[in-house]
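One file, upload_3.cif, is given below (mmCIF, C-alpha atoms).
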data_start
#
loop_
_atom_site.label_atom_id
_atom_site.label_comp_id
_atom_site.auth_asym_id
_atom_site.auth_seq_id
_atom_site.Cartn_x
_atom_site.Cartn_y
_atom_site.Cartn_z
CA MET R 1 -20.90 121.91 -74.82
CA ARG R 2 -23.11 119.61 -76.89
CA ALA R 3 -26.18 121.48 -75.72
CA LEU R 4 -24.65 124.78 -76.80
CA ARG R 5 -23.83 123.32 -80.21
CA ARG R 6 -27.39 122.10 -80.62
CA TYR R 7 -28.86 125.42 -79.57
CA PRO R 8 -26.79 128.21 -81.15
CA VAL R 9 -29.29 130.85 -80.02
CA LEU R 10 -28.75 129.81 -76.39
CA ALA R 11 -24.99 129.96 -76.89
CA ALA R 12 -25.28 133.45 -78.36
CA LEU R 13 -27.39 134.61 -75.42
CA ILE R 14 -24.90 133.21 -72.91
CA ALA R 15 -22.01 134.89 -74.74
CA ALA R 16 -23.88 138.20 -74.80
CA ALA R 17 -24.61 137.93 -71.07
CA VAL R 18 -20.94 137.24 -70.31
CA LEU R 19 -19.84 140.21 -72.40
CA MET R 20 -22.31 142.45 -70.58
CA VAL R 21 -21.33 141.31 -67.09
CA LEU R 22 -17.56 141.11 -67.67
CA PRO R 23 -16.87 144.90 -67.67
CA PHE R 24 -18.82 145.29 -64.44
CA LEU R 25 -16.81 142.49 -62.81
CA VAL R 26 -13.52 144.04 -63.92
CA VAL R 27 -14.56 147.40 -62.46
CA ALA R 28 -15.65 145.76 -59.20
CA LEU R 29 -12.37 143.84 -58.86
CA ASN R 30 -10.22 146.89 -59.51
CA ALA R 31 -12.28 149.00 -57.11
CA VAL R 32 -11.10 146.88 -54.17
CA LYS R 33 -7.40 146.79 -55.14
CA SER R 34 -4.70 149.00 -53.75
CA PRO R 35 -2.82 151.26 -56.22
CA ALA R 36 0.37 149.28 -55.65
CA GLU R 37 -1.37 145.98 -56.37
CA TYR R 38 -2.98 147.42 -59.48
CA SER R 39 0.39 148.67 -60.76
CA ALA R 40 2.16 145.39 -60.02
CA ASN R 41 -0.39 142.86 -61.30
CA GLY R 42 -2.51 144.80 -63.79
CA PRO R 43 -6.28 145.25 -64.12
CA LEU R 44 -7.16 141.58 -64.80
CA SER R 45 -5.60 140.07 -61.68
CA LEU R 46 -7.64 138.99 -58.68
CA PRO R 47 -7.30 141.14 -55.55
CA LYS R 48 -5.43 139.65 -52.62
CA GLY R 49 -7.66 141.44 -50.14
CA LEU R 50 -10.32 144.12 -49.84
CA TYR R 51 -8.84 147.60 -50.18
CA LEU R 52 -11.73 150.00 -49.49
CA ASP R 53 -9.78 153.22 -49.13
CA GLY R 54 -10.43 154.11 -52.76
CA ILE R 55 -14.20 153.89 -52.24
CA THR R 56 -14.18 155.83 -48.97
CA ASP R 57 -11.82 158.50 -50.33
CA PHE R 58 -13.98 159.06 -53.41
CA TRP R 59 -17.16 159.14 -51.29
CA GLU R 60 -15.72 161.84 -49.04
CA ARG R 61 -14.05 163.82 -51.83
CA VAL R 62 -17.20 164.39 -53.88
CA ASP R 63 -19.73 164.17 -51.02
CA PHE R 64 -21.26 161.19 -52.81
CA GLY R 65 -24.19 160.94 -50.42
CA GLN R 66 -25.47 164.37 -51.50
CA LYS R 67 -24.86 163.55 -55.16
CA LEU R 68 -26.83 160.35 -54.74
CA ILE R 69 -29.76 162.21 -53.19
CA ASN R 70 -29.71 164.73 -56.04
CA SER R 71 -29.68 162.03 -58.72
CA VAL R 72 -32.50 160.06 -57.08
CA LEU R 73 -34.59 163.20 -56.61
CA ILE R 74 -34.07 164.43 -60.17
CA SER R 75 -34.48 161.04 -61.85
CA GLY R 76 -37.53 160.09 -59.77
CA SER R 77 -39.24 163.44 -60.33
CA VAL R 78 -38.56 163.30 -64.07
CA ALA R 79 -39.83 159.72 -64.33
CA VAL R 80 -43.12 160.51 -62.59
CA GLY R 81 -43.62 163.91 -64.22
CA ALA R 82 -42.80 162.71 -67.73
CA ALA R 83 -45.06 159.67 -67.34
CA VAL R 84 -48.00 161.82 -66.21
CA LEU R 85 -47.45 164.34 -69.02
CA SER R 86 -47.13 161.52 -71.55
CA VAL R 87 -50.41 160.00 -70.42
CA LEU R 88 -52.24 163.34 -70.69
CA ASN R 89 -50.80 164.11 -74.12
CA ALA R 90 -51.37 160.61 -75.46
CA TYR R 91 -54.96 160.58 -74.16
CA ALA R 92 -55.72 163.76 -76.07
CA ILE R 93 -53.95 162.57 -79.23
CA GLY R 94 -54.76 158.86 -79.25
CA ILE R 95 -58.29 158.84 -77.87
CA GLY R 96 -59.37 162.47 -78.04
CA ARG R 97 -58.51 162.51 -81.75
CA VAL R 98 -57.18 166.06 -81.91
CA LYS R 99 -57.03 167.68 -85.31
CA GLY R 100 -53.83 167.17 -87.24
CA ARG R 101 -52.89 164.06 -85.25
CA PRO R 102 -50.21 162.85 -87.74
CA TRP R 103 -48.53 166.26 -87.66
CA VAL R 104 -48.59 166.38 -83.88
CA LEU R 105 -46.98 162.94 -83.68
CA ALA R 106 -44.41 164.01 -86.27
CA PHE R 107 -43.55 166.96 -84.02
CA PHE R 108 -42.88 164.61 -81.08
CA VAL R 109 -40.77 162.35 -83.31
CA LEU R 110 -38.75 165.40 -84.36
CA ALA R 111 -38.28 166.33 -80.69
CA ASN R 112 -36.86 162.86 -80.03
CA MET R 113 -34.38 163.23 -82.89
CA LEU R 114 -33.13 166.64 -81.76
CA PRO R 115 -29.63 166.36 -80.23
CA GLN R 116 -29.21 167.71 -76.72
CA GLU R 117 -26.29 169.86 -77.84
CA ALA R 118 -28.82 172.00 -79.69
CA LEU R 119 -30.75 172.57 -76.46
CA VAL R 120 -27.84 173.72 -74.32
CA TYR R 121 -27.85 177.43 -75.13
CA PRO R 122 -31.67 177.95 -75.29
CA VAL R 123 -32.15 176.08 -72.02
CA TYR R 124 -29.27 177.95 -70.38
CA TYR R 125 -30.64 181.33 -71.51
CA LEU R 126 -34.23 180.58 -70.48
CA SER R 127 -33.19 179.28 -67.06
CA LYS R 128 -31.13 182.43 -66.50
CA GLU R 129 -34.08 184.64 -67.41
CA ALA R 130 -36.46 182.63 -65.21
CA GLY R 131 -34.08 182.63 -62.25
CA LEU R 132 -33.85 178.83 -62.24
CA TYR R 133 -30.22 178.45 -63.26
CA ASP R 134 -28.18 176.16 -61.01
CA THR R 135 -31.28 174.62 -59.45
CA ARG R 136 -32.43 171.03 -59.57
CA LEU R 137 -35.87 172.24 -60.65
CA SER R 138 -34.46 173.56 -63.94
CA VAL R 139 -33.02 170.15 -64.86
CA ILE R 140 -36.22 168.39 -63.77
CA LEU R 141 -38.40 170.60 -65.98
CA VAL R 142 -36.14 170.22 -69.01
CA PHE R 143 -35.95 166.45 -68.79
CA ILE R 144 -39.68 166.08 -68.13
CA VAL R 145 -40.31 167.75 -71.48
CA VAL R 146 -37.56 165.79 -73.26
CA GLN R 147 -38.62 162.40 -71.92
CA ALA R 148 -42.33 163.12 -72.35
CA ALA R 149 -41.77 163.62 -76.09
CA PHE R 150 -40.85 159.95 -76.45
CA GLY R 151 -43.51 158.83 -73.95
CA THR R 152 -46.22 160.75 -75.79
CA TYR R 153 -45.28 159.20 -79.12
CA LEU R 154 -45.26 155.69 -77.69
CA LEU R 155 -48.46 155.98 -75.66
CA ALA R 156 -50.32 157.77 -78.45
CA SER R 157 -49.63 154.80 -80.69
CA VAL R 158 -50.88 152.42 -77.99
CA LEU R 159 -53.98 154.42 -77.13
CA GLY R 160 -54.80 154.92 -80.80
CA ALA R 161 -55.71 151.21 -80.86
CA PHE R 162 -57.59 151.35 -77.54
CA PRO R 163 -61.01 149.61 -77.81
CA ARG R 164 -63.62 152.29 -78.33
CA GLU R 165 -66.32 150.00 -76.92
CA ILE R 166 -64.78 150.20 -73.44
CA ILE R 167 -64.73 153.98 -73.55
CA GLU R 168 -68.29 154.21 -74.81
CA ALA R 169 -69.47 151.83 -72.08
CA ALA R 170 -67.81 153.99 -69.42
CA ARG R 171 -69.44 157.12 -70.82
CA ILE R 172 -72.84 155.44 -70.86
CA ASP R 173 -72.32 154.66 -67.17
CA GLY R 174 -71.88 158.39 -66.54
CA ALA R 175 -68.09 158.72 -66.49
CA ASN R 176 -66.65 162.04 -67.68
CA LYS R 177 -63.39 162.44 -69.60
CA TRP R 178 -61.20 162.54 -66.47
CA GLN R 179 -62.88 159.46 -65.02
CA VAL R 180 -62.45 157.60 -68.30
CA LEU R 181 -58.78 158.50 -68.27
CA TRP R 182 -57.90 157.58 -64.66
CA ARG R 183 -60.34 154.70 -64.13
CA VAL R 184 -60.32 153.02 -67.55
CA VAL R 185 -57.38 154.05 -69.73
CA VAL R 186 -54.63 154.26 -67.09
CA PRO R 187 -55.34 150.86 -65.45
CA VAL R 188 -55.38 149.11 -68.82
CA SER R 189 -52.19 150.90 -69.92
CA ARG R 190 -50.39 150.36 -66.61
CA PRO R 191 -47.78 147.89 -68.01
CA THR R 192 -46.70 150.34 -70.71
CA ILE R 193 -46.61 153.21 -68.23
CA GLY R 194 -44.48 151.09 -65.91
CA VAL R 195 -41.96 150.48 -68.71
CA LEU R 196 -41.79 154.21 -69.37
CA LEU R 197 -41.17 154.95 -65.69
CA VAL R 198 -38.21 152.56 -65.61
CA PHE R 199 -36.74 153.90 -68.85
CA PHE R 200 -37.23 157.54 -67.85
CA PHE R 201 -35.47 156.99 -64.52
CA ILE R 202 -32.45 155.21 -66.01
CA TRP R 203 -32.13 157.60 -68.95
CA THR R 204 -32.21 160.64 -66.67
CA TRP R 205 -29.78 159.01 -64.24
CA ASN R 206 -27.22 158.61 -67.03
CA GLU R 207 -27.58 162.14 -68.43
CA PHE R 208 -24.41 164.20 -68.31
CA LEU R 209 -24.31 167.19 -70.68
CA LEU R 210 -27.32 169.23 -69.56
CA PRO R 211 -26.75 168.63 -65.82
CA LEU R 212 -23.09 169.61 -66.35
CA VAL R 213 -24.15 172.94 -67.89
CA MET R 214 -27.13 173.64 -65.63
CA LEU R 215 -25.76 172.55 -62.24
CA ILE R 216 -22.52 174.31 -61.36
CA SER R 217 -22.86 174.23 -57.56
CA ASN R 218 -21.34 171.24 -55.81
CA ASP R 219 -24.47 170.79 -53.68
CA ASN R 220 -26.73 170.43 -56.75
CA GLN R 221 -24.64 168.17 -58.99
CA THR R 222 -25.65 164.63 -59.88
CA VAL R 223 -23.63 161.42 -59.70
CA SER R 224 -22.75 161.43 -63.41
CA VAL R 225 -21.54 165.03 -63.26
CA ALA R 226 -19.44 164.36 -60.16
CA LEU R 227 -17.78 161.38 -61.86
CA GLY R 228 -16.99 163.30 -65.03
CA VAL R 229 -15.76 166.46 -63.35
CA LEU R 230 -13.53 164.69 -60.85
CA GLN R 231 -11.99 162.42 -63.48
CA GLY R 232 -11.39 165.44 -65.68
CA GLN R 233 -9.36 167.02 -62.87
CA ARG R 234 -6.95 164.03 -62.91
CA LEU R 235 -7.05 163.75 -59.15
CA MET R 236 -7.72 160.01 -58.96
CA ASP R 237 -5.62 156.91 -59.36
CA ALA R 238 -6.82 153.88 -61.30
CA THR R 239 -8.37 152.11 -58.31
CA MET R 240 -10.28 155.20 -57.24
CA THR R 241 -11.51 155.64 -60.80
CA ASN R 242 -12.93 152.13 -60.73
CA ALA R 243 -14.39 152.77 -57.27
CA ALA R 244 -16.12 155.87 -58.63
CA ALA R 245 -17.49 153.94 -61.60
CA LEU R 246 -18.73 151.17 -59.29
CA LEU R 247 -20.51 153.60 -56.97
CA GLY R 248 -22.05 155.36 -59.95
CA VAL R 249 -23.50 152.25 -61.58
CA ILE R 250 -24.70 150.34 -58.50
CA PRO R 251 -27.81 152.51 -57.80
CA ALA R 252 -29.01 152.22 -61.40
CA VAL R 253 -28.47 148.45 -61.38
CA VAL R 254 -30.36 148.12 -58.08
CA PHE R 255 -33.25 150.17 -59.44
CA PHE R 256 -33.36 148.04 -62.58
CA LEU R 257 -33.36 144.79 -60.59
CA ILE R 258 -36.15 146.05 -58.31
CA PHE R 259 -38.37 146.98 -61.24
CA GLN R 260 -37.29 144.17 -63.54
CA ARG R 261 -40.62 142.41 -63.11
CA THR R 262 -42.46 145.61 -64.05
CA LEU R 263 -40.35 145.93 -67.18
CA THR R 264 -40.89 142.28 -68.13
CA ARG R 265 -44.65 142.51 -67.62
CA GLY R 266 -44.87 145.66 -69.70
CA ILE R 267 -42.96 144.18 -72.61
CA ALA R 268 -44.94 140.93 -72.41
CA ALA R 269 -48.25 142.83 -72.31
CA GLY R 270 -47.22 144.83 -75.37
CA ALA R 271 -46.34 141.64 -77.22
CA VAL R 272 -49.69 140.05 -76.37
CA LYS R 273 -51.60 143.10 -77.53
#
Could you render the structure from this file as structure tokens?
Amino acid sequence: MRALRRYPVLAALIAAAVLMVLPFLVVALNAVKSPAEYSANGPLSLPKGLYLDGITDFWERVDFGQKLINSVLISGSVAVGAAVLSVLNAYAIGIGRVKGRPWVLAFFVLANMLPQEALVYPVYYLSKEAGLYDTRLSVILVFIVVQAAFGTYLLASVLGAFPREIIEAARIDGANKWQVLWRVVVPVSRPTIGVLLVFFFIWTWNEFLLPLVMLISNDNQTVSVALGVLQGQRLMDATMTNAAALLGVIPAVVFFLIFQRTLTRGIAAGAVK
């Protein structure tokens, strides 16, 4: 206690960590309770045993395995595609010095500020006309463009300060524009690109509105859509609701923990630069 009083910043960090972890713990505890135990003792009581029927029932009801595959496929494809598109755009804007660079960057900033509700009807109409409606590819293409808008803005700012001497030295050695990009710019910018990959994956994983509109077939829906649709049907008790929330958040948490070092290195590299 004395140490916490001496270091108020440390105390604030510990309190913030507790507040962040506490909801997850409450969800996990209620996911393994029986409905009768939940009704009798409330949501804050400790479970007397492991009641896994809620988890298994939810898994079978929504075919969670297929939803998990869809979410991983869509989020992974968007993360890679948006990162590649961001690198290409930022290379042209930040190092290629295209004409009207401030206006181009302003366009990408405007794209980031545009609410997704404004995209629903145009995207729905275009996907219908292109024959891509109710396909995972339609959602992947839309989110690649949406996420790449932010990635382009961020990387263009980073590459705008890229040392010109390194690029000139590579060109003197005979490297063309593509070789400069993939052998010089990308390796140096790898920490920032890694951060974008992590963010793009998690952001796409948590998306709900556009997948809800674009994916109406049960076989194509994502985890977030399955959770929202099933809860909206009022077919679940409290314990199954918590089981659904637990199953929905665990994959994203696992992904974040696996790539935590990549995220930390990217942020640290940006701070050093």
**Request:** Quick one: pull the distance between CA of Gly151 (chain R) and CA of Leu73 (chain R), Å, one decimal.
**Result:** 20.0 Å
**Request:** Could you tell me which residues the PyMOL selection byres ((chain R and resi 145) around 10) returns for this structure, as a VMD selection string?
**Result:** chain R and resid 78 81 to 82 85 to 86 111 140 to 144 146 to 151
**Item:** Two-atom distance - CA of Ser77 (chain R), CA of Met214 (chain R) (Å)
**Value:**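 Rounded to one decimal, the two atoms are 16.7 Å apart.
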**Request:** Report the distance between CA of Asp134 (chain R) and CA of Trp59 (chain R) in Å, rounded to one decimal place.
**Result:**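 One can read the CA of Asp134 (chain R) to CA of Trp59 (chain R) distance as 22.5 Å.
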**Complete:** From the list R:Val180, R:Leu68, R:Ala40, R:Ser138, the nearest residue to Tyr125 (chain R) using all atoms listed in the file is R:Ser138
**Message:** Which residues, named as in the file, does the PyMOL selection byres ((chain R and resi 69) around 12) pick out? Answer as JSON, numbers by chain.
**Reply:** {"R": [63, 64, 65, 66, 67, 68, 70, 71, 72, 73, 74, 75, 76, 77, 136, 205, 219, 220, 221, 222, 223, 251]}
Requested write-out: C-alpha atoms of the selected residues, as a compact mmCIF listing (two decimals), keeping the file's coordinate frame:
# COMPACT_ATOMS: atom_id res chain seq x y z
CA ASP R 63 -19.73 164.17 -51.02
CA PHE R 64 -21.26 161.19 -52.81
CA GLY R 65 -24.19 160.94 -50.42
CA GLN R 66 -25.47 164.37 -51.50
CA LYS R 67 -24.86 163.55 -55.16
CA LEU R 68 -26.83 160.35 -54.74
CA ASN R 70 -29.71 164.73 -56.04
CA SER R 71 -29.68 162.03 -58.72
CA VAL R 72 -32.50 160.06 -57.08
CA LEU R 73 -34.59 163.20 -56.61
CA ILE R 74 -34.07 164.43 -60.17
CA SER R 75 -34.48 161.04 -61.85
CA GLY R 76 -37.53 160.09 -59.77
CA SER R 77 -39.24 163.44 -60.33
CA ARG R 136 -32.43 171.03 -59.57
CA TRP R 205 -29.78 159.01 -64.24
CA ASP R 219 -24.47 170.79 -53.68
CA ASN R 220 -26.73 170.43 -56.75
CA GLN R 221 -24.64 168.17 -58.99
CA THR R 222 -25.65 164.63 -59.88
CA VAL R 223 -23.63 161.42 -59.70
CA PRO R 251 -27.81 152.51 -57.80
**Request:** Could you state which residues are captured by the PyMOL selection byres ((chain R and resi 193) around 10) in this file, as a list in words?
**Result:**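 Evaluating the PyMOL selection byres ((chain R and resi 193) around 10) on these coordinates yields Val80, Ala83, Val84, Ser86, Val87, Gly151, Leu154, Leu155, Val186, Pro187, Val188, Ser189, Arg190, Pro191, Thr192, Gly194, Val195, Leu196, Leu197, Val198, Phe199, Thr262, Leu263 and Gly266 of chain R.
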Assuming the input is short of atoms at region 179-190 of chain R, produce all heavy atoms for that part as a PDB file, in the frame of the given file.
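Below is the file that was written, out32.pdb:
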ATOM      1  N   GLN R 179     -62.618 160.785 -65.584  1.00  0.00           N
ATOM      2  CA  GLN R 179     -62.880 159.460 -65.020  1.00  0.00           C
ATOM      3  C   GLN R 179     -62.546 158.358 -66.001  1.00  0.00           C
ATOM      4  O   GLN R 179     -62.034 157.297 -65.616  1.00  0.00           O
ATOM      5  CB  GLN R 179     -64.339 159.378 -64.578  1.00  0.00           C
ATOM      6  CG  GLN R 179     -64.656 160.256 -63.373  1.00  0.00           C
ATOM      7  CD  GLN R 179     -66.143 160.278 -63.062  1.00  0.00           C
ATOM      8  OE1 GLN R 179     -66.993 160.105 -63.947  1.00  0.00           O
ATOM      9  NE2 GLN R 179     -66.480 160.498 -61.794  1.00  0.00           N
ATOM     10  N   VAL R 180     -62.830 158.585 -67.282  1.00  0.00           N
ATOM     11  CA  VAL R 180     -62.450 157.600 -68.300  1.00  0.00           C
ATOM     12  C   VAL R 180     -60.941 157.434 -68.340  1.00  0.00           C
ATOM     13  O   VAL R 180     -60.416 156.312 -68.445  1.00  0.00           O
ATOM     14  CB  VAL R 180     -62.982 158.032 -69.685  1.00  0.00           C
ATOM     15  CG1 VAL R 180     -62.400 157.146 -70.786  1.00  0.00           C
ATOM     16  CG2 VAL R 180     -64.497 157.967 -69.709  1.00  0.00           C
ATOM     17  N   LEU R 181     -60.225 158.551 -68.214  1.00  0.00           N
ATOM     18  CA  LEU R 181     -58.780 158.500 -68.270  1.00  0.00           C
ATOM     19  C   LEU R 181     -58.207 157.724 -67.082  1.00  0.00           C
ATOM     20  O   LEU R 181     -57.436 156.768 -67.261  1.00  0.00           O
ATOM     21  CB  LEU R 181     -58.198 159.915 -68.292  1.00  0.00           C
ATOM     22  CG  LEU R 181     -56.677 160.029 -68.156  1.00  0.00           C
ATOM     23  CD1 LEU R 181     -55.975 159.322 -69.302  1.00  0.00           C
ATOM     24  CD2 LEU R 181     -56.262 161.495 -68.090  1.00  0.00           C
ATOM     25  N   TRP R 182     -58.554 158.131 -65.854  1.00  0.00           N
ATOM     26  CA  TRP R 182     -57.900 157.580 -64.660  1.00  0.00           C
ATOM     27  C   TRP R 182     -58.476 156.246 -64.218  1.00  0.00           C
ATOM     28  O   TRP R 182     -57.796 155.479 -63.539  1.00  0.00           O
ATOM     29  CB  TRP R 182     -57.997 158.585 -63.514  1.00  0.00           C
ATOM     30  CG  TRP R 182     -57.303 159.873 -63.822  1.00  0.00           C
ATOM     31  CD1 TRP R 182     -57.871 161.109 -63.957  1.00  0.00           C
ATOM     32  CD2 TRP R 182     -55.903 160.062 -64.068  1.00  0.00           C
ATOM     33  NE1 TRP R 182     -56.917 162.045 -64.274  1.00  0.00           N
ATOM     34  CE2 TRP R 182     -55.706 161.435 -64.341  1.00  0.00           C
ATOM     35  CE3 TRP R 182     -54.806 159.207 -64.092  1.00  0.00           C
ATOM     36  CZ2 TRP R 182     -54.453 161.961 -64.629  1.00  0.00           C
ATOM     37  CZ3 TRP R 182     -53.561 159.732 -64.371  1.00  0.00           C
ATOM     38  CH2 TRP R 182     -53.392 161.088 -64.636  1.00  0.00           C
ATOM     39  N   ARG R 183     -59.729 155.940 -64.584  1.00  0.00           N
ATOM     40  CA  ARG R 183     -60.340 154.700 -64.130  1.00  0.00           C
ATOM     41  C   ARG R 183     -60.414 153.616 -65.209  1.00  0.00           C
ATOM     42  O   ARG R 183     -60.648 152.449 -64.886  1.00  0.00           O
ATOM     43  CB  ARG R 183     -61.761 154.963 -63.604  1.00  0.00           C
ATOM     44  CG  ARG R 183     -61.793 155.873 -62.380  1.00  0.00           C
ATOM     45  CD  ARG R 183     -63.198 156.028 -61.850  1.00  0.00           C
ATOM     46  NE  ARG R 183     -63.237 156.912 -60.683  1.00  0.00           N
ATOM     47  CZ  ARG R 183     -64.348 157.212 -59.992  1.00  0.00           C
ATOM     48  NH1 ARG R 183     -65.519 156.699 -60.394  1.00  0.00           N
ATOM     49  NH2 ARG R 183     -64.299 158.017 -58.955  1.00  0.00           N
ATOM     50  N   VAL R 184     -60.221 153.998 -66.458  1.00  0.00           N
ATOM     51  CA  VAL R 184     -60.320 153.020 -67.550  1.00  0.00           C
ATOM     52  C   VAL R 184     -59.000 152.932 -68.318  1.00  0.00           C
ATOM     53  O   VAL R 184     -58.395 151.860 -68.422  1.00  0.00           O
ATOM     54  CB  VAL R 184     -61.476 153.375 -68.510  1.00  0.00           C
ATOM     55  CG1 VAL R 184     -61.525 152.374 -69.666  1.00  0.00           C
ATOM     56  CG2 VAL R 184     -62.794 153.407 -67.770  1.00  0.00           C
ATOM     57  N   VAL R 185     -58.542 154.060 -68.848  1.00  0.00           N
ATOM     58  CA  VAL R 185     -57.380 154.050 -69.730  1.00  0.00           C
ATOM     59  C   VAL R 185     -56.090 153.744 -68.965  1.00  0.00           C
ATOM     60  O   VAL R 185     -55.296 152.890 -69.366  1.00  0.00           O
ATOM     61  CB  VAL R 185     -57.263 155.399 -70.473  1.00  0.00           C
ATOM     62  CG1 VAL R 185     -55.990 155.434 -71.311  1.00  0.00           C
ATOM     63  CG2 VAL R 185     -58.481 155.616 -71.349  1.00  0.00           C
ATOM     64  N   VAL R 186     -55.869 154.442 -67.842  1.00  0.00           N
ATOM     65  CA  VAL R 186     -54.630 154.260 -67.090  1.00  0.00           C
ATOM     66  C   VAL R 186     -54.484 152.835 -66.546  1.00  0.00           C
ATOM     67  O   VAL R 186     -53.409 152.228 -66.679  1.00  0.00           O
ATOM     68  CB  VAL R 186     -54.522 155.303 -65.961  1.00  0.00           C
ATOM     69  CG1 VAL R 186     -53.363 154.986 -65.017  1.00  0.00           C
ATOM     70  CG2 VAL R 186     -54.344 156.693 -66.550  1.00  0.00           C
ATOM     71  N   PRO R 187     -55.516 152.244 -65.912  1.00  0.00           N
ATOM     72  CA  PRO R 187     -55.340 150.860 -65.450  1.00  0.00           C
ATOM     73  C   PRO R 187     -55.026 149.869 -66.555  1.00  0.00           C
ATOM     74  O   PRO R 187     -54.202 148.963 -66.371  1.00  0.00           O
ATOM     75  CB  PRO R 187     -56.695 150.542 -64.792  1.00  0.00           C
ATOM     76  CG  PRO R 187     -57.238 151.870 -64.367  1.00  0.00           C
ATOM     77  CD  PRO R 187     -56.806 152.815 -65.445  1.00  0.00           C
ATOM     78  N   VAL R 188     -55.650 150.029 -67.716  1.00  0.00           N
ATOM     79  CA  VAL R 188     -55.380 149.110 -68.820  1.00  0.00           C
ATOM     80  C   VAL R 188     -53.974 149.324 -69.374  1.00  0.00           C
ATOM     81  O   VAL R 188     -53.290 148.369 -69.768  1.00  0.00           O
ATOM     82  CB  VAL R 188     -56.434 149.290 -69.934  1.00  0.00           C
ATOM     83  CG1 VAL R 188     -56.079 148.453 -71.151  1.00  0.00           C
ATOM     84  CG2 VAL R 188     -57.818 148.910 -69.417  1.00  0.00           C
ATOM     85  N   SER R 189     -53.505 150.578 -69.373  1.00  0.00           N
ATOM     86  CA  SER R 189     -52.190 150.900 -69.920  1.00  0.00           C
ATOM     87  C   SER R 189     -51.087 150.859 -68.869  1.00  0.00           C
ATOM     88  O   SER R 189     -49.967 151.294 -69.153  1.00  0.00           O
ATOM     89  CB  SER R 189     -52.228 152.310 -70.552  1.00  0.00           C
ATOM     90  OG  SER R 189     -53.252 152.419 -71.510  1.00  0.00           O
ATOM     91  N   ARG R 190     -51.366 150.354 -67.695  1.00  0.00           N
ATOM     92  CA  ARG R 190     -50.390 150.360 -66.610  1.00  0.00           C
ATOM     93  C   ARG R 190     -49.077 149.660 -66.960  1.00  0.00           C
ATOM     94  O   ARG R 190     -47.991 150.157 -66.603  1.00  0.00           O
ATOM     95  CB  ARG R 190     -50.998 149.743 -65.358  1.00  0.00           C
ATOM     96  CG  ARG R 190     -50.127 149.876 -64.105  1.00  0.00           C
ATOM     97  CD  ARG R 190     -50.869 149.339 -62.910  1.00  0.00           C
ATOM     98  NE  ARG R 190     -52.105 150.097 -62.694  1.00  0.00           N
ATOM     99  CZ  ARG R 190     -53.057 149.711 -61.830  1.00  0.00           C
ATOM    100  NH1 ARG R 190     -52.916 148.591 -61.152  1.00  0.00           N
ATOM    101  NH2 ARG R 190     -54.135 150.459 -61.678  1.00  0.00           N
TER     102      ARG R 190
END
